[in-house]
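**Student:** Encoded as structure tokens, here's the structure I'll be asking about.
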Amino acid sequence: MDDAEAIKRCQQGDREVFRHLVERYQKRAVAHALAILFNRDDAEDAVQEAFIDAFRAIATFDTSRTFYQWFYVLLRNRCYKMTARRRLTESIDEAVLVDPQPGVTNETRLALEKALQSLTREEREIIGLKYFSGLSYDELAVHLQIPRGTVMSRLFSARRRLKGQLTGTVLREQEV
Amino acid sequence: MKELTCEDVLMAQMAAADGEEPAFSGEQLAAHMTACANCQNELKQLLALDRVLVSQTLAEANVDLWPAIENRIAQPASSVLHWQLFALIGLLLVTYKLLEMLPARDLGLAFKLVPLVIVTLLFVVIKENPFRINTELMMER
């Protein structure tokens with residue numbers, strides 16, 4: 001069943017069909033929430049709440065957008081609400097965000113995650129969407145509801161801050 | 001022609017590295033890069049960072065949120081009052097103002113504190129702290 005059909009049936013009150021949308025997008029949504037919140041439990045809570053918001057607001061679904069673009073606005077609202085209520089004070093001692101890669105040490109992963117944690121939520125979000133979801137600048141502009149120029153400047157400022165945090169070996173290993 | 005700053009140039013170079021259309025011509029960028037050792041160095045570091053990030057993949061989570069979501073959406077929407085709550089508070093405040101305007105009537109200190117109590121209760125109900133400053137707010141460029 002495609003998204004348009006599922007949405008139409010949800011709008012007619014068919015709750016069971018909403019399951020298709022949840023199962024189709026939950027992994028991607030948790031990954032996006034994790035990139036903002038940096039805590040898996042919080043990310044899953046935010047996604048759960050956002051899906052419930054989506055179900056309750058499905059009658060107002062904007063057909064000019066894809067389901068995920070529309071849902072993402074609800075998700076980031078939930079994530080931002082969560083970050084506003086708590087600070088990212090927990091220091092991480094284990095990488096939770098990125099998978100182990102051949103040739104990448106645990107220290108490098110941990111250093112990267114600590115650096116990401118030090119960014120603002122908007123910066124973490126744009127880095128997550130750009131690198132982990134592979135969105136183009138135009139897609140970032142749609143997802144984040146900001147102009148393309150702001151995408152460029154926000155991404156640049158996030159990279160600059162990240163570079164400032166990743167001093168020493170992590171970047172030196174990659175320089176050519 | 002606009003004088004390019006180092007930030008303009010680096011932003012455009014990174015856009016080009018991302019496969020996007022840079023905002024300035026290749027000649028303009030090359031002219032700046034040749035003359036600016038700082039930009040050469042910073043671009044090298046930014047590209048190194050790019051390689052680090054590109055090589056990472058997000059840890060996939062095996063999640064199944066449907067059972068919890070199904071339970072929640074099966075329940076009727078919680079009876080949070082939304083606009084009704086704000087309407088009620090508005091009504092209370094208007095009533096207070098009207099009572100306050102009654103001539104020659106001193107209703108005491110407790111009465112004067114009513115608006116404060118109402119507003120405090122409002123913040124308690126909506127679970128927001130009016131004294132917390134969000135330092136993560138950023139200016140849009």
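By order in the structure tokens, chains are A, B, ...; within a chain, residues start at 1; ligands start at 1, following the order shown.
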Would you mind writing down, as an MDAnalysis selection string, each residue of chain B that DSSP on the backbone assigns to helix (DSSP H, G or I)?
**Tutor:** chainID B and resid 6:17 26:35 37:54 66:74 83:101 108:112 114:125
**Student:** Next, write the just-selected residues to a file, as a PDB file, in the first residue's frame, keeping C-alpha atoms as the atom set.
**Tutor:**
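Okay, this is what ended up in out.pdb:
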```
ATOM      1  CA  CYS B   6      37.138  33.997   3.353  1.00  0.00           C
ATOM      2  CA  GLU B   7      33.809  32.684   4.665  1.00  0.00           C
ATOM      3  CA  ASP B   8      32.120  33.182   1.269  1.00  0.00           C
ATOM      4  CA  VAL B   9      34.917  31.308  -0.433  1.00  0.00           C
ATOM      5  CA  LEU B  10      35.048  28.411   2.013  1.00  0.00           C
ATOM      6  CA  MET B  11      31.268  28.052   1.983  1.00  0.00           C
ATOM      7  CA  ALA B  12      31.282  27.951  -1.805  1.00  0.00           C
ATOM      8  CA  GLN B  13      34.179  25.491  -1.901  1.00  0.00           C
ATOM      9  CA  MET B  14      32.370  23.161   0.485  1.00  0.00           C
ATOM     10  CA  ALA B  15      29.170  23.470  -1.560  1.00  0.00           C
ATOM     11  CA  ALA B  16      31.179  22.433  -4.616  1.00  0.00           C
ATOM     12  CA  ALA B  17      32.662  19.513  -2.645  1.00  0.00           C
ATOM     13  CA  GLY B  26      35.472  28.919 -10.287  1.00  0.00           C
ATOM     14  CA  GLU B  27      37.828  31.759 -11.336  1.00  0.00           C
ATOM     15  CA  GLN B  28      36.767  33.974  -8.445  1.00  0.00           C
ATOM     16  CA  LEU B  29      37.250  31.138  -5.973  1.00  0.00           C
ATOM     17  CA  ALA B  30      40.564  30.080  -7.442  1.00  0.00           C
ATOM     18  CA  ALA B  31      41.879  33.668  -7.358  1.00  0.00           C
ATOM     19  CA  HIS B  32      41.064  33.956  -3.649  1.00  0.00           C
ATOM     20  CA  MET B  33      42.379  30.512  -2.777  1.00  0.00           C
ATOM     21  CA  THR B  34      45.702  31.108  -4.490  1.00  0.00           C
ATOM     22  CA  ALA B  35      46.273  34.279  -2.523  1.00  0.00           C
ATOM     23  CA  ALA B  37      47.016  30.668   2.872  1.00  0.00           C
ATOM     24  CA  ASN B  38      44.441  30.639   5.696  1.00  0.00           C
ATOM     25  CA  CYS B  39      41.703  29.496   3.352  1.00  0.00           C
ATOM     26  CA  GLN B  40      43.955  26.807   1.872  1.00  0.00           C
ATOM     27  CA  ASN B  41      44.637  25.471   5.337  1.00  0.00           C
ATOM     28  CA  GLU B  42      41.051  25.696   6.516  1.00  0.00           C
ATOM     29  CA  LEU B  43      39.681  24.082   3.379  1.00  0.00           C
ATOM     30  CA  LYS B  44      42.097  21.193   3.857  1.00  0.00           C
ATOM     31  CA  GLN B  45      40.775  20.667   7.386  1.00  0.00           C
ATOM     32  CA  LEU B  46      37.141  21.010   6.333  1.00  0.00           C
ATOM     33  CA  LEU B  47      37.634  18.434   3.587  1.00  0.00           C
ATOM     34  CA  ALA B  48      39.311  16.123   6.110  1.00  0.00           C
ATOM     35  CA  LEU B  49      36.288  16.526   8.382  1.00  0.00           C
ATOM     36  CA  ASP B  50      34.038  15.805   5.412  1.00  0.00           C
ATOM     37  CA  ARG B  51      35.899  12.534   4.793  1.00  0.00           C
ATOM     38  CA  VAL B  52      35.488  11.541   8.444  1.00  0.00           C
ATOM     39  CA  LEU B  53      31.758  12.239   8.360  1.00  0.00           C
ATOM     40  CA  VAL B  54      31.137  10.624   4.983  1.00  0.00           C
ATOM     41  CA  TRP B  66       3.721   0.198  16.747  1.00  0.00           C
ATOM     42  CA  PRO B  67       2.418  -1.687  19.849  1.00  0.00           C
ATOM     43  CA  ALA B  68       2.900   1.387  22.047  1.00  0.00           C
ATOM     44  CA  ILE B  69       1.515   3.746  19.396  1.00  0.00           C
ATOM     45  CA  GLU B  70      -1.466   1.488  18.751  1.00  0.00           C
ATOM     46  CA  ASN B  71      -2.385   1.544  22.448  1.00  0.00           C
ATOM     47  CA  ARG B  72      -2.116   5.319  22.581  1.00  0.00           C
ATOM     48  CA  ILE B  73      -4.120   6.079  19.460  1.00  0.00           C
ATOM     49  CA  ALA B  74      -6.825   3.655  20.536  1.00  0.00           C
ATOM     50  CA  TRP B  83      -7.932  26.773  23.653  1.00  0.00           C
ATOM     51  CA  GLN B  84     -10.588  26.159  26.281  1.00  0.00           C
ATOM     52  CA  LEU B  85      -7.940  26.563  28.992  1.00  0.00           C
ATOM     53  CA  PHE B  86      -6.762  29.882  27.584  1.00  0.00           C
ATOM     54  CA  ALA B  87     -10.346  31.071  27.120  1.00  0.00           C
ATOM     55  CA  LEU B  88     -11.086  30.250  30.754  1.00  0.00           C
ATOM     56  CA  ILE B  89      -8.031  32.137  31.947  1.00  0.00           C
ATOM     57  CA  GLY B  90      -8.953  35.115  29.788  1.00  0.00           C
ATOM     58  CA  LEU B  91     -12.438  35.057  31.248  1.00  0.00           C
ATOM     59  CA  LEU B  92     -11.086  34.912  34.805  1.00  0.00           C
ATOM     60  CA  LEU B  93      -8.759  37.839  34.154  1.00  0.00           C
ATOM     61  CA  VAL B  94     -11.531  39.923  32.565  1.00  0.00           C
ATOM     62  CA  THR B  95     -13.791  39.149  35.541  1.00  0.00           C
ATOM     63  CA  TYR B  96     -11.005  40.176  37.878  1.00  0.00           C
ATOM     64  CA  LYS B  97     -10.542  43.456  36.025  1.00  0.00           C
ATOM     65  CA  LEU B  98     -14.270  44.206  36.129  1.00  0.00           C
ATOM     66  CA  LEU B  99     -14.409  43.532  39.867  1.00  0.00           C
ATOM     67  CA  GLU B 100     -11.346  45.686  40.371  1.00  0.00           C
ATOM     68  CA  MET B 101     -13.071  48.546  38.565  1.00  0.00           C
ATOM     69  CA  GLY B 108      -7.888  43.164  50.207  1.00  0.00           C
ATOM     70  CA  LEU B 109      -4.392  41.935  49.395  1.00  0.00           C
ATOM     71  CA  ALA B 110      -5.520  38.401  48.601  1.00  0.00           C
ATOM     72  CA  PHE B 111      -7.691  39.749  45.797  1.00  0.00           C
ATOM     73  CA  LYS B 112      -4.758  41.713  44.360  1.00  0.00           C
ATOM     74  CA  VAL B 114      -5.384  36.673  42.075  1.00  0.00           C
ATOM     75  CA  PRO B 115      -3.840  37.484  38.634  1.00  0.00           C
ATOM     76  CA  LEU B 116      -0.441  36.315  39.852  1.00  0.00           C
ATOM     77  CA  VAL B 117      -1.935  33.049  41.063  1.00  0.00           C
ATOM     78  CA  ILE B 118      -3.782  32.545  37.762  1.00  0.00           C
ATOM     79  CA  VAL B 119      -0.687  33.131  35.644  1.00  0.00           C
ATOM     80  CA  THR B 120       1.457  30.897  37.893  1.00  0.00           C
ATOM     81  CA  LEU B 121      -1.121  28.117  37.590  1.00  0.00           C
ATOM     82  CA  LEU B 122      -1.120  28.554  33.826  1.00  0.00           C
ATOM     83  CA  PHE B 123       2.640  27.974  33.641  1.00  0.00           C
ATOM     84  CA  VAL B 124       2.284  24.940  35.913  1.00  0.00           C
ATOM     85  CA  VAL B 125      -0.431  23.470  33.685  1.00  0.00           C
TER      86      VAL B 125
END
```
**Student:** Please, which residues of chain B lie no more than 6 Å from chain A when the count uses only C-alpha atoms, and can they be set out as a list of chain:residue names?
**Tutor:**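 Filtering chain B at 6 Å from chain A with only C-alpha atoms gives B:Ala48, B:Thr57, B:Leu58, B:Ala59.
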**Student:** Quote the spacing between CA of Pro130 in chain B and CA of Arg76 in chain A in Å to one decimal place.
**Tutor:**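 These two atoms are separated by 21.8 Å.
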**Student:** What is the distance between CA of Asp3 in chain A and CA of Tyr25 in chain A, in Å to one decimal?
**Tutor:**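 These two atoms are separated by 10.7 Å.
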